[in-house]
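Colleague: Contents of entry_1.txt (compact mmCIF, C-alpha atoms and all ligand atoms) are given next:
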```txt
# COMPACT_ATOMS: atom_id res chain seq x y z
CA MET U 1 117.68 67.91 119.34
CA ARG U 2 116.15 69.93 116.55
CA ILE U 3 113.28 72.28 117.27
CA GLU U 4 110.49 69.82 116.29
CA THR U 5 111.99 67.21 118.63
CA LYS U 6 112.48 69.72 121.45
CA CYS U 7 108.77 70.61 121.26
CA LEU U 8 108.09 67.03 122.35
CA HIS U 9 111.08 65.93 124.40
CA ALA U 10 112.82 68.92 126.01
CA GLY U 11 112.20 69.57 129.71
CA TYR U 12 110.49 66.45 130.98
CA ARG U 13 112.36 63.19 130.33
CA PRO U 14 110.66 60.31 132.16
CA GLY U 15 112.85 57.74 133.85
CA ASN U 16 112.17 54.01 134.26
CA SER U 17 108.52 53.36 135.22
CA GLU U 18 107.71 57.07 135.39
CA PRO U 19 104.68 58.53 133.59
CA LEU U 20 105.18 59.08 129.87
CA THR U 21 103.30 62.38 129.92
CA LEU U 22 104.03 65.44 132.04
CA PRO U 23 102.76 64.82 135.61
CA VAL U 24 100.67 67.58 137.21
CA TYR U 25 102.01 68.43 140.66
CA GLN U 26 98.86 70.12 141.86
CA SER U 27 100.19 71.08 145.29
CA THR U 28 100.79 74.46 146.85
CA THR U 29 103.67 73.20 148.93
CA PHE U 30 106.33 70.49 149.27
CA LYS U 31 107.31 68.36 152.24
CA TYR U 32 110.84 68.06 153.71
CA ASP U 33 112.27 65.85 156.44
CA SER U 34 114.08 68.55 158.40
CA SER U 35 113.83 72.28 159.00
CA ASP U 36 117.54 72.56 158.15
CA GLU U 37 116.74 71.44 154.62
CA VAL U 38 113.96 74.01 154.36
CA GLY U 39 116.41 76.59 155.71
CA ASP U 40 118.91 75.73 152.98
CA LEU U 41 116.22 76.20 150.36
CA PHE U 42 115.31 79.58 151.81
CA ASP U 43 119.00 80.55 151.78
CA LEU U 44 119.27 79.51 148.12
CA GLU U 45 121.94 77.02 149.20
CA LYS U 46 119.98 74.13 147.71
CA GLU U 47 117.68 73.75 144.75
CA GLY U 48 114.17 72.50 145.30
CA HIS U 49 110.54 73.47 145.46
CA LEU U 50 109.03 75.10 148.53
CA TYR U 51 105.85 76.80 147.50
CA SER U 52 104.06 77.02 144.15
CA ARG U 53 103.97 80.80 144.19
CA ILE U 54 107.71 80.67 143.45
CA SER U 55 108.30 77.36 141.67
CA ASN U 56 106.57 74.07 140.96
CA PRO U 57 107.85 70.85 139.34
CA THR U 58 105.28 70.79 136.50
CA VAL U 59 105.88 74.45 135.76
CA GLU U 60 109.64 73.87 135.89
CA PHE U 61 109.53 71.08 133.29
CA VAL U 62 107.78 73.42 130.87
CA GLU U 63 110.15 76.29 131.75
CA LYS U 64 113.03 74.00 130.76
CA LYS U 65 111.30 73.16 127.48
CA ILE U 66 110.67 76.82 126.61
CA ALA U 67 114.26 77.75 127.54
CA ALA U 68 115.52 74.94 125.27
CA LEU U 69 113.27 76.09 122.41
CA GLU U 70 114.56 79.67 122.62
CA GLY U 71 118.17 78.67 123.33
CA GLY U 72 118.32 80.37 126.73
CA VAL U 73 119.86 79.43 130.10
CA GLY U 74 116.58 79.63 131.96
CA CYS U 75 112.93 80.57 131.84
CA VAL U 76 110.22 81.70 134.21
CA PHE U 77 106.71 80.68 133.17
CA THR U 78 104.30 83.37 134.32
CA SER U 79 100.54 83.66 134.66
CA SER U 80 100.21 85.89 131.57
CA GLY U 81 102.15 87.68 128.85
CA GLN U 82 101.47 90.95 130.65
CA SER U 83 103.00 89.71 133.90
CA ALA U 84 105.97 88.32 131.93
CA LEU U 85 106.79 91.73 130.49
CA PHE U 86 106.17 93.41 133.83
CA VAL U 87 108.56 91.20 135.81
CA ALA U 88 111.09 91.15 132.95
CA LEU U 89 111.38 94.93 133.28
CA ALA U 90 110.73 95.31 137.01
CA ALA U 91 113.71 93.02 137.72
CA ILE U 92 116.11 95.62 136.32
CA VAL U 93 114.47 99.06 136.60
CA ARG U 94 113.70 101.30 139.53
CA ALA U 95 111.99 104.68 139.86
CA GLY U 96 113.91 107.26 137.85
CA ASP U 97 114.98 104.78 135.17
CA HIS U 98 114.05 104.90 131.51
CA ILE U 99 113.14 102.42 128.76
CA VAL U 100 113.26 102.83 124.99
CA SER U 101 110.50 100.86 123.31
CA SER U 102 109.20 100.26 119.84
CA GLY U 103 106.00 102.23 119.36
CA ALA U 104 104.49 99.35 117.38
CA ILE U 105 103.57 96.98 120.20
CA TYR U 106 100.61 95.15 121.70
CA GLY U 107 98.04 97.48 123.26
CA GLY U 108 98.40 95.93 126.72
CA SER U 109 102.19 96.31 126.64
CA MET U 110 101.72 99.91 125.55
CA ASN U 111 99.44 100.58 128.54
CA LEU U 112 101.90 98.93 130.91
CA LEU U 113 104.81 101.03 129.68
CA ALA U 114 103.12 104.34 128.90
CA VAL U 115 100.75 104.51 131.87
CA THR U 116 101.36 102.05 134.69
CA LEU U 117 105.17 101.94 134.82
CA LYS U 118 105.22 105.71 134.33
CA ARG U 119 103.05 106.08 137.43
CA TYR U 120 105.82 104.30 139.34
CA GLY U 121 108.49 106.64 137.99
CA VAL U 122 109.78 104.59 135.05
CA GLU U 123 109.46 106.55 131.84
CA THR U 124 109.40 105.08 128.32
CA THR U 125 110.28 106.76 125.04
CA PHE U 126 108.55 105.18 122.04
CA VAL U 127 110.28 105.00 118.67
CA HIS U 128 109.05 103.50 115.42
CA PRO U 129 110.95 100.25 114.83
CA ASP U 130 111.94 101.35 111.31
CA ASP U 131 113.89 104.22 112.84
CA LEU U 132 117.03 102.59 114.24
CA GLU U 133 118.74 105.97 114.52
CA GLY U 134 115.76 107.12 116.61
CA PHE U 135 116.46 104.29 119.09
CA ARG U 136 120.09 105.34 119.36
CA LYS U 137 119.12 108.95 119.99
CA ALA U 138 116.43 108.10 122.55
CA ILE U 139 118.87 106.22 124.80
CA ARG U 140 119.87 108.24 127.89
CA PRO U 141 122.31 107.55 130.72
CA ASP U 142 119.40 106.24 132.83
CA THR U 143 118.02 103.95 130.07
CA LYS U 144 117.96 100.34 131.27
CA ALA U 145 116.44 98.40 128.38
CA VAL U 146 115.41 98.45 124.74
CA PHE U 147 112.15 96.66 123.95
CA ALA U 148 110.48 95.59 120.69
CA GLU U 149 108.19 92.89 119.28
CA VAL U 150 109.72 90.66 116.64
CA LEU U 151 106.56 91.09 114.56
CA SER U 152 104.18 93.53 116.17
CA ASN U 153 100.63 92.83 117.25
CA PRO U 154 98.49 93.98 115.45
CA SER U 155 100.42 96.20 113.02
CA LEU U 156 102.81 93.46 111.75
CA VAL U 157 105.89 95.66 111.81
CA ALA U 158 109.07 93.57 111.85
CA ALA U 159 111.91 94.64 114.11
CA ASP U 160 115.53 94.56 112.97
CA ILE U 161 116.69 92.45 115.91
CA SER U 162 120.45 92.55 115.18
CA GLY U 163 120.30 96.28 114.53
CA LEU U 164 118.52 96.92 117.83
CA ALA U 165 120.88 94.55 119.67
CA ASP U 166 123.92 96.46 118.39
CA ILE U 167 122.44 99.76 119.58
CA ALA U 168 121.47 98.37 122.98
CA HIS U 169 124.84 96.66 123.50
CA SER U 170 126.91 99.67 122.49
CA ASN U 171 125.08 101.46 125.33
CA GLY U 172 125.57 98.63 127.82
CA ILE U 173 121.89 97.75 128.07
CA PRO U 174 119.92 94.60 127.21
CA LEU U 175 117.57 94.07 124.29
CA ILE U 176 114.25 92.53 125.29
CA ILE U 177 112.27 90.97 122.43
CA ASP U 178 108.65 89.83 122.52
CA ASN U 179 108.62 86.73 120.29
CA THR U 180 104.93 85.91 120.70
CA PHE U 181 103.92 86.12 117.05
CA MET U 182 106.84 84.17 115.64
CA THR U 183 107.34 81.51 118.32
CA PRO U 184 110.76 79.83 118.63
CA VAL U 185 109.78 77.55 115.74
CA LEU U 186 109.98 80.45 113.27
CA CYS U 187 112.47 82.79 114.93
CA ARG U 188 114.89 82.60 117.84
CA PRO U 189 115.78 86.18 118.75
CA ILE U 190 118.72 85.14 120.99
CA GLU U 191 120.51 83.92 117.83
CA PHE U 192 120.33 87.50 116.56
CA GLY U 193 121.55 89.19 119.74
CA ALA U 194 118.46 89.54 121.95
CA ASP U 195 119.34 89.21 125.64
CA ILE U 196 115.91 88.50 127.05
CA VAL U 197 112.90 87.03 125.23
CA VAL U 198 109.33 87.37 126.45
CA HIS U 199 106.19 85.58 125.31
CA SER U 200 102.50 85.55 125.71
CA THR U 201 102.13 81.76 125.76
CA SER U 202 98.37 82.39 125.54
CA LYS U 203 98.86 82.60 121.78
CA TYR U 204 100.57 79.99 119.56
CA LEU U 205 102.44 78.13 122.31
CA ASP U 206 99.16 77.09 123.88
CA GLY U 207 97.52 77.38 120.47
CA HIS U 208 94.06 76.21 121.52
CA ALA U 209 92.85 79.28 123.44
CA VAL U 210 92.61 77.36 126.69
CA GLN U 211 95.32 78.82 128.96
CA VAL U 212 96.59 82.33 129.55
CA GLY U 213 100.31 82.47 130.26
CA GLY U 214 103.61 84.18 129.62
CA ALA U 215 107.31 83.45 129.68
CA VAL U 216 110.60 85.24 130.25
CA ILE U 217 113.73 83.60 128.81
CA ASP U 218 117.25 84.64 129.72
CA SER U 219 119.95 84.24 127.04
CA GLY U 220 122.60 84.21 129.77
CA LYS U 221 124.75 86.40 127.55
CA PHE U 222 124.26 89.90 128.90
CA ASP U 223 127.04 91.40 131.06
CA TRP U 224 125.18 92.74 134.11
CA CYS U 225 128.45 93.75 135.76
CA ASN U 226 129.06 96.78 133.55
CA GLY U 227 128.16 99.21 136.32
CA LYS U 228 124.67 100.05 135.10
CA PHE U 229 122.73 97.43 137.01
CA PRO U 230 123.06 97.79 140.78
CA GLU U 231 119.90 95.64 141.02
CA MET U 232 122.01 92.72 139.83
CA THR U 233 125.39 93.44 141.40
CA GLN U 234 124.57 94.88 144.82
CA ALA U 235 123.38 92.99 147.87
CA ASP U 236 119.64 92.23 147.96
CA THR U 237 118.64 93.02 151.55
CA SER U 238 115.41 91.06 151.09
CA TYR U 239 117.57 87.96 150.56
CA HIS U 240 120.15 88.36 153.36
CA GLY U 241 122.49 90.22 151.08
CA VAL U 242 122.68 87.87 148.11
CA ILE U 243 124.45 89.35 145.07
CA TYR U 244 122.79 87.78 142.06
CA THR U 245 125.70 88.01 139.63
CA GLU U 246 128.02 86.35 142.16
CA LYS U 247 125.59 83.68 143.25
CA PHE U 248 124.17 82.66 139.87
CA GLY U 249 126.80 83.63 137.28
CA ASN U 250 125.35 83.88 133.78
CA ALA U 251 121.91 82.84 135.05
CA ALA U 252 121.77 85.82 137.45
CA TYR U 253 118.92 87.60 135.73
CA ILE U 254 116.47 84.70 135.52
CA ASN U 255 117.21 83.59 139.09
CA LYS U 256 116.71 87.10 140.44
CA LEU U 257 113.51 87.30 138.46
CA ARG U 258 112.19 84.21 140.22
CA VAL U 259 113.49 84.51 143.76
CA GLN U 260 112.78 88.23 144.07
CA MET U 261 110.17 89.32 141.52
CA ILE U 262 108.02 86.17 141.40
CA ARG U 263 108.35 85.77 145.18
CA ASP U 264 107.06 89.30 145.74
CA ILE U 265 104.54 89.65 142.91
CA GLY U 266 103.33 86.05 142.82
CA CYS U 267 102.53 85.68 139.13
CA LEU U 268 103.81 82.17 138.42
CA GLN U 269 101.92 79.87 136.05
CA THR U 270 99.93 77.09 137.73
CA ALA U 271 100.75 73.38 137.44
CA THR U 272 97.54 72.65 135.53
CA GLY U 273 98.10 75.71 133.34
CA ALA U 274 101.61 74.48 132.56
CA PHE U 275 100.25 71.01 131.72
CA LEU U 276 97.71 72.48 129.28
CA THR U 277 100.24 74.79 127.65
CA ASN U 278 102.64 71.89 127.26
CA LEU U 279 100.03 69.93 125.29
CA GLY U 280 99.97 72.86 122.90
CA ILE U 281 103.75 73.15 122.66
CA GLU U 282 104.01 69.47 121.71
CA THR U 283 102.38 70.22 118.33
CA LEU U 284 103.76 73.76 117.91
CA SER U 285 106.03 73.04 114.95
CA LEU U 286 103.29 71.23 113.00
CA ARG U 287 100.74 73.92 113.68
CA MET U 288 103.08 76.76 112.74
CA GLU U 289 103.75 75.13 109.35
CA LYS U 290 100.01 75.09 108.61
CA HIS U 291 99.39 78.60 110.01
CA CYS U 292 102.16 79.90 107.75
CA SER U 293 101.03 78.18 104.56
CA ASN U 294 97.37 79.07 105.10
CA ALA U 295 98.20 82.69 105.90
CA LEU U 296 100.39 83.09 102.84
CA GLN U 297 97.69 81.67 100.58
CA ILE U 298 95.03 83.94 102.09
CA ALA U 299 97.29 87.01 102.00
CA LYS U 300 97.83 86.42 98.27
CA TYR U 301 94.10 85.99 97.71
CA LEU U 302 93.30 89.22 99.60
CA SER U 303 95.99 91.12 97.68
CA GLY U 304 94.10 90.43 94.47
CA HIS U 305 90.66 91.29 95.87
CA PRO U 306 88.99 94.47 94.54
CA SER U 307 87.35 95.24 97.95
CA VAL U 308 90.69 95.26 99.77
CA ILE U 309 92.91 98.35 99.71
CA LYS U 310 95.96 96.98 101.44
CA VAL U 311 97.26 93.69 102.83
CA ASN U 312 100.00 93.41 105.44
CA TYR U 313 101.81 90.13 105.62
CA PRO U 314 105.59 90.08 105.83
CA MET U 315 106.05 87.17 103.41
CA LEU U 316 104.28 88.99 100.57
CA GLU U 317 106.76 90.27 98.05
CA GLY U 318 106.48 94.02 98.08
CA ASN U 319 105.70 94.12 101.80
CA LYS U 320 107.85 96.72 103.53
CA TYR U 321 109.28 94.05 105.85
CA PHE U 322 109.90 91.35 103.24
CA GLU U 323 113.71 91.63 103.50
CA LEU U 324 113.70 91.59 107.32
CA ALA U 325 111.27 88.65 107.25
CA LYS U 326 113.59 86.67 104.94
CA LYS U 327 116.45 87.30 107.37
CA TYR U 328 114.70 86.72 110.69
CA PHE U 329 111.96 84.19 109.91
CA PRO U 330 112.78 82.48 106.61
CA ALA U 331 110.55 79.47 107.39
CA GLY U 332 107.33 81.50 107.40
CA GLY U 333 105.55 84.65 108.47
CA SER U 334 103.27 83.11 111.10
CA GLY U 335 99.48 83.19 110.88
CA VAL U 336 98.45 86.80 111.36
CA ILE U 337 97.50 89.06 108.48
CA SER U 338 96.01 92.51 108.60
CA PHE U 339 94.16 94.19 105.80
CA GLU U 340 92.21 97.29 105.03
CA VAL U 341 88.69 96.93 103.68
CA ARG U 342 87.53 99.47 101.11
CA GLY U 343 84.99 101.71 102.84
CA GLY U 344 86.71 102.38 106.19
CA ARG U 345 85.19 101.85 109.61
CA THR U 346 81.61 101.11 108.43
CA ALA U 347 82.62 98.54 105.84
CA ALA U 348 85.03 96.95 108.32
CA ALA U 349 82.25 96.56 110.88
CA LYS U 350 79.87 95.10 108.27
CA PHE U 351 82.56 92.69 107.13
CA MET U 352 83.08 91.49 110.69
CA ASP U 353 79.37 90.95 111.26
CA SER U 354 78.99 89.02 107.99
CA LEU U 355 81.57 86.35 108.72
CA GLU U 356 80.19 82.88 109.39
CA LEU U 357 83.25 80.73 110.01
CA ALA U 358 85.77 83.17 111.46
CA ASN U 359 85.12 84.13 115.08
CA ILE U 360 85.12 87.67 116.40
CA VAL U 361 87.39 87.44 119.44
CA THR U 362 90.08 89.60 121.02
CA HIS U 363 92.35 86.59 120.88
CA VAL U 364 94.84 85.74 118.14
CA ALA U 365 96.99 82.81 117.30
CA ASP U 366 94.97 79.74 118.00
CA VAL U 367 93.87 76.88 115.78
CA ARG U 368 90.56 78.52 114.74
CA THR U 369 90.45 81.48 112.36
CA ALA U 370 89.63 84.68 114.24
CA VAL U 371 89.12 88.33 113.34
CA LEU U 372 89.35 91.56 115.24
CA HIS U 373 88.80 95.22 114.50
CA PRO U 374 91.57 96.86 116.59
CA ALA U 375 90.32 100.46 116.34
CA SER U 376 87.09 99.56 118.13
CA THR U 377 88.48 96.95 120.55
CA THR U 378 92.07 96.34 121.72
CA HIS U 379 93.28 99.82 120.83
CA ARG U 380 90.17 101.83 121.69
CA GLN U 381 91.94 103.54 124.63
CA GLN U 382 94.42 105.13 122.26
CA SER U 383 94.11 108.44 120.48
CA ASP U 384 93.93 108.53 116.66
CA GLU U 385 97.51 109.84 116.64
CA ASP U 386 98.76 106.91 118.73
CA LEU U 387 96.79 104.54 116.51
CA ILE U 388 98.41 105.80 113.33
CA ALA U 389 101.83 105.70 115.04
CA ALA U 390 101.15 102.04 115.86
CA GLY U 391 100.24 101.43 112.20
CA ILE U 392 96.51 101.03 112.74
CA THR U 393 93.87 102.70 110.54
CA PRO U 394 90.09 102.77 111.22
CA GLY U 395 89.32 100.17 108.53
CA LEU U 396 92.10 97.78 109.50
CA ILE U 397 91.13 94.18 110.25
CA ARG U 398 93.37 91.71 111.98
CA LEU U 399 92.90 88.19 110.70
CA SER U 400 94.41 85.36 112.68
CA VAL U 401 94.46 82.51 110.20
CA GLY U 402 93.71 79.12 111.72
CA ILE U 403 94.50 75.62 110.54
CA GLU U 404 91.17 74.94 108.78
CA HIS U 405 91.19 74.09 105.06
CA PRO U 406 92.33 77.34 103.38
CA GLU U 407 89.50 77.23 100.82
CA ASP U 408 86.90 77.26 103.62
CA ILE U 409 88.51 80.38 105.12
CA ILE U 410 88.67 82.07 101.71
CA GLU U 411 85.01 81.29 100.93
CA ASP U 412 83.94 82.86 104.24
CA ILE U 413 86.03 86.01 103.68
CA ASP U 414 84.75 86.24 100.13
CA GLN U 415 81.05 86.23 101.04
CA ALA U 416 81.61 88.72 103.89
CA LEU U 417 83.55 91.13 101.66
CA LEU U 418 80.75 90.99 99.12
CA LYS U 419 78.21 92.05 101.78
CA ALA U 420 80.50 94.67 103.34
CA VAL U 421 81.38 96.53 100.22
CA ASN U 422 77.82 96.46 98.84
CA CYS U 423 76.39 98.19 101.91
C1 LIG Q 501 98.72 88.90 123.84
C2 LIG Q 501 100.02 89.54 123.83
C3 LIG Q 501 100.59 90.01 125.01
C4 LIG Q 501 99.89 89.92 126.34
O1 LIG Q 501 99.78 88.60 126.74
P1 LIG Q 501 98.61 88.03 127.69
O2 LIG Q 501 98.95 86.59 127.77
O3 LIG Q 501 97.31 88.32 127.04
O4 LIG Q 501 98.76 88.73 129.00
C5 LIG Q 501 101.84 90.59 124.93
N1 LIG Q 501 102.49 90.72 123.76
C6 LIG Q 501 101.96 90.28 122.61
C7 LIG Q 501 102.71 90.45 121.34
C8 LIG Q 501 100.71 89.69 122.59
O5 LIG Q 501 100.18 89.26 121.44
```
Could you rewrite the structure in this file as structure tokens?
Modeller:
Amino acid sequence: MRIETKCLHAGYRPGNSEPLTLPVYQSTTFKYDSSDEVGDLFDLEKEGHLYSRISNPTVEFVEKKIAALEGGVGCVFTSSGQSALFVALAAIVRAGDHIVSSGAIYGGSMNLLAVTLKRYGVETTFVHPDDLEGFRKAIRPDTKAVFAEVLSNPSLVAADISGLADIAHSNGIPLIIDNTFMTPVLCRPIEFGADIVVHSTSKYLDGHAVQVGGAVIDSGKFDWCNGKFPEMTQADTSYHGVIYTEKFGNAAYINKLRVQMIRDIGCLQTATGAFLTNLGIETLSLRMEKHCSNALQIAKYLSGHPSVIKVNYPMLEGNKYFELAKKYFPAGGSGVISFEVRGGRTAAAKFMDSLELANIVTHVADVRTAVLHPASTTHRQQSDEDLIAAGITPGLIRLSVGIEHPEDIIEDIDQALLKAVNC
């Protein structure tokens, strides 16, 4: 199946007389005829669902779809993008370990790495994604993962996925890529060497701003037996001594992530949440086409506007990431643009307040056009230095272009810019 077809048909394939659409198994638990059978499930000797904290049939159908879309061997569908990144890392690091991350990442991911994980003894070194040599140098003997966003939120910095994969692999560690902004319709990081892909499904996969969620996808390609990952190759005492690499082969990582991390942390997606997200995924390829064409048209319009100093959109010729974009997402640059209004923070605020169609929300990547002023919202916890390092200036506006008629979006921006720059 090609990607458009997978969006509809991967995962759930109804049999004779079964429901056409994804059934919602809204049940915390599942009934068995004998305690022996339940015992086998607990021992991981049999596959099946026990309790919806760990797995659920509806959630599993969508996990299979997302794994198929990304080209992985398995997926865990979590309650949020934040919990996806947390369990993706927590499955392989322990206190004393180290992570090398792109410095241009989502504010929440930055908090998780720089503050929360650090509090638990896992330190992260941040490197600008343009500086591949910097990644190589930052890797230490205790480094357990390299992390970057394929196109960063909100700074729209593209990561050189193959370059990062080569650096990670020559050090025997996995590359984890957040593919939220591109979606598997526009880019499949596993094809370029990523070992683990994470998503906030709250964005384009859902696409309608109705369900928060996240996903971790395992490529099945990383060699966990290289001596660096005792978490994967030594007995798990909380599971009567199971050794994940022996028990699950090339799906060791994603199985460990479920049976240990999700069991203990309890951040699985719900059945109803999976149902809603799946409705979004069914139209993902169509929506991404429209987001891409609208965004490109609006980016070009903004580039020629006298009240705009700078426009960031990877598909604009002359954009710093144009070459990387052509390599990694040739079909389109997704729907998010950022731009700098002439007049800094004050003009940016006035612009925001003058919009009539576009909504001011912290969300991105749904069907309706939305705007955000990162310096005063998502990134307000960060110092000016950190902001600049993440590519954010005080007058920067993030515009998440929806699927409305492009002329309606342009007319709204136009009238708001007129008011903002005249103030
Ligand atoms: C939104 C987002 C997250 C966090 O996801 P939630 O679903 O809000 O928890 C992580 N990474 C990126 C790139 C995001 O855009």
Colleague: Would you mind telling me which residue in U:Gly220, U:Gly71, U:Pro394, U:Pro23 lies nearest to Pro174 (chain U) when using all atoms listed in the file?
Modeller: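 Nearest candidate to Pro174 (chain U) out of U:Gly220, U:Gly71, U:Pro394, U:Pro23: U:Gly220.
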Colleague: Counting all atoms listed in the file, I want the residues whose atoms come within 9 Å of (89.1, 85.2, 110.8) in the file frame, returned as a list of chain:residue names.
Modeller: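 Nearby residues: U:Met352, U:Leu355, U:Leu357, U:Ala358, U:Asn359, U:Ile360, U:Arg368, U:Thr369, U:Ala370, U:Val371, U:Leu372, U:Arg398, U:Leu399, U:Ser400, U:Val401, U:Gly402, U:Ile409, U:Asp412, U:Ile413.
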Colleague: Take the residues that were just selected and, keeping C-alpha atoms, output them as a CSV table (one decimal), keeping the file's coordinate frame.
Modeller:
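out27.csv, written as the output of this step:
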```
chain,number,residue,atom,x,y,z
U,352,MET,CA,83.1,91.5,110.7
U,355,LEU,CA,81.6,86.4,108.7
U,357,LEU,CA,83.2,80.7,110.0
U,358,ALA,CA,85.8,83.2,111.5
U,359,ASN,CA,85.1,84.1,115.1
U,360,ILE,CA,85.1,87.7,116.4
U,368,ARG,CA,90.6,78.5,114.7
U,369,THR,CA,90.4,81.5,112.4
U,370,ALA,CA,89.6,84.7,114.2
U,371,VAL,CA,89.1,88.3,113.3
U,372,LEU,CA,89.4,91.6,115.2
U,398,ARG,CA,93.4,91.7,112.0
U,399,LEU,CA,92.9,88.2,110.7
U,400,SER,CA,94.4,85.4,112.7
U,401,VAL,CA,94.5,82.5,110.2
U,402,GLY,CA,93.7,79.1,111.7
U,409,ILE,CA,88.5,80.4,105.1
U,412,ASP,CA,83.9,82.9,104.2
U,413,ILE,CA,86.0,86.0,103.7
```
Colleague: Against ligand LIG 501 (chain Q), which residues of chain U fall within 8 Å? For each one I want the closest pair of atoms and the distance in Å (one decimal), counting all atoms listed in the file, rows by chain and increasing residue number, as a tab-separated table.
Modeller:
```
residue	atom	partner	partner_atom	distance
U:Ser79	CA	Q:LIG501	O2	7.7
U:Ser80	CA	Q:LIG501	O2	4.1
U:Gly81	CA	Q:LIG501	O1	3.3
U:Gln82	CA	Q:LIG501	O4	3.9
U:Ser83	CA	Q:LIG501	O4	6.6
U:Ala84	CA	Q:LIG501	O4	7.8
U:Leu85	CA	Q:LIG501	C5	7.5
U:Ile105	CA	Q:LIG501	C7	6.7
U:Tyr106	CA	Q:LIG501	C6	5.1
U:Gly108	CA	Q:LIG501	C4	6.2
U:Ser109	CA	Q:LIG501	C5	6.0
U:Glu149	CA	Q:LIG501	C7	6.3
U:Leu151	CA	Q:LIG501	C7	7.8
U:Ser152	CA	Q:LIG501	C7	6.2
U:Asn153	CA	Q:LIG501	C7	5.2
U:Pro154	CA	Q:LIG501	O5	7.8
U:Asp178	CA	Q:LIG501	C7	6.1
U:Asn179	CA	Q:LIG501	C7	7.1
U:Thr180	CA	Q:LIG501	C7	5.1
U:Phe181	CA	Q:LIG501	C7	6.2
U:His199	CA	Q:LIG501	N1	6.5
U:Ser200	CA	Q:LIG501	O1	4.2
U:Thr201	CA	Q:LIG501	O2	6.1
U:Ser202	CA	Q:LIG501	O2	4.8
U:Lys203	CA	Q:LIG501	C1	6.6
U:Val212	CA	Q:LIG501	O2	5.2
U:Gly213	CA	Q:LIG501	O2	5.0
U:Gly214	CA	Q:LIG501	O2	5.6
U:His363	CA	Q:LIG501	C1	7.4
U:Val364	CA	Q:LIG501	O5	7.2
```
Colleague: Nearest residue to Tyr328 (chain U) out of U:Gly48, U:Pro374, U:Gly273, U:Gly193, using only C-alpha atoms?
Modeller: U:Gly193
Colleague: If I take CA of Asp40 (chain U) and CA of Glu18 (chain U), how far is one from the other in Å, to one decimal?
Modeller: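 CA of Glu18 (chain U) lies 28.0 Å from CA of Asp40 (chain U).
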Colleague: With distances taken over only C-alpha atoms, which of U:Met232, U:Leu302, U:Val115, U:Cys187 is nearest to Arg94 (chain U)?
Modeller: U:Met232
Colleague: Find the residue from U:Ala10, U:Val259, U:Ile173, U:Val185 that sits nearest to Asn226 (chain U); use only C-alpha atoms when measuring.
Modeller: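 Closest candidate: U:Ile173.
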Colleague: Box for region 223-226 of chain U: with edges along x, y and z, all listed atoms inside and 4 Å added on each side, what are the centre and edge lengths in Å to one decimal, as lines of an AutoDock Vina configuration file?
Modeller:
```
center_x = 127.1
center_y = 94.1
center_z = 133.4
size_x = 11.9
size_y = 13.4
size_z = 12.7
```
Colleague: List as a VMD selection string the residues having at least one atom at most 10 Å from position (85.7, 98.7, 108.3) as given in the file, counting all atoms listed in the file.
Modeller: chain U and resid 339 to 352 373 375 to 376 393 to 397 420 to 421
Colleague: So how far away is CA of Ala295 (chain U) from CA of Pro189 (chain U), in Å?
Modeller: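 The value is 22.1 Å.
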Colleague: May I have the residues within 8 Å of Ile196 (chain U) as a list in words, using only C-alpha atoms and disregarding those fewer than 6 positions away in the same chain?
Modeller: Pro174, Leu175, Ile176, Ile177, Ile190, Val216, Ile217, Asp218 and Ser219 of chain U
Colleague: Could you save the residues just selected, with C-alpha atoms, as a compact mmCIF listing (two decimals), in the coordinates of the input?
Modeller:
```txt
# COMPACT_ATOMS: atom_id res chain seq x y z
CA PRO U 174 119.92 94.60 127.21
CA LEU U 175 117.57 94.07 124.29
CA ILE U 176 114.25 92.53 125.29
CA ILE U 177 112.27 90.97 122.43
CA ILE U 190 118.72 85.14 120.99
CA VAL U 216 110.60 85.24 130.25
CA ILE U 217 113.73 83.60 128.81
CA ASP U 218 117.25 84.64 129.72
CA SER U 219 119.95 84.24 127.04
```
Colleague: Write out as a ChimeraX atom specification each polymer residue whose atoms come within 9 Å of His208 (chain U), counting only C-alpha atoms; drop sequence neighbours fewer than 2 positions from it.
Modeller: /U:202-206,210-211,277,280,365-368
Colleague: Could you write out that same residue set with C-alpha atoms as a PDB file, in the coordinates of the input?
Modeller:
```pdb
ATOM      1  CA  SER U 202      98.370  82.390 125.540  1.00  0.00           C
ATOM      2  CA  LYS U 203      98.860  82.600 121.780  1.00  0.00           C
ATOM      3  CA  TYR U 204     100.570  79.990 119.560  1.00  0.00           C
ATOM      4  CA  LEU U 205     102.440  78.130 122.310  1.00  0.00           C
ATOM      5  CA  ASP U 206      99.160  77.090 123.880  1.00  0.00           C
ATOM      6  CA  VAL U 210      92.610  77.360 126.690  1.00  0.00           C
ATOM      7  CA  GLN U 211      95.320  78.820 128.960  1.00  0.00           C
ATOM      8  CA  THR U 277     100.240  74.790 127.650  1.00  0.00           C
ATOM      9  CA  GLY U 280      99.970  72.860 122.900  1.00  0.00           C
ATOM     10  CA  ALA U 365      96.990  82.810 117.300  1.00  0.00           C
ATOM     11  CA  ASP U 366      94.970  79.740 118.000  1.00  0.00           C
ATOM     12  CA  VAL U 367      93.870  76.880 115.780  1.00  0.00           C
ATOM     13  CA  ARG U 368      90.560  78.520 114.740  1.00  0.00           C
TER      14      ARG U 368
END
```
Colleague: Using only C-alpha atoms, which of U:Met315, U:Ala331, U:Leu20, U:Ala148 sits nearest Ala104 (chain U)?
Modeller: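 Checking each candidate against Ala104 (chain U), we get U:Ala148 as the closest.
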Colleague: Could you name the residues that touch Val59 (chain U) at 12 Å or less, counting all atoms listed in the file, but leaving out those on the same chain fewer than 6 positions away, as an MDAnalysis selection string?
Modeller: chainID U and resid 11:12 22:27 49 51:53 65:66 75:79 213:215 268:278
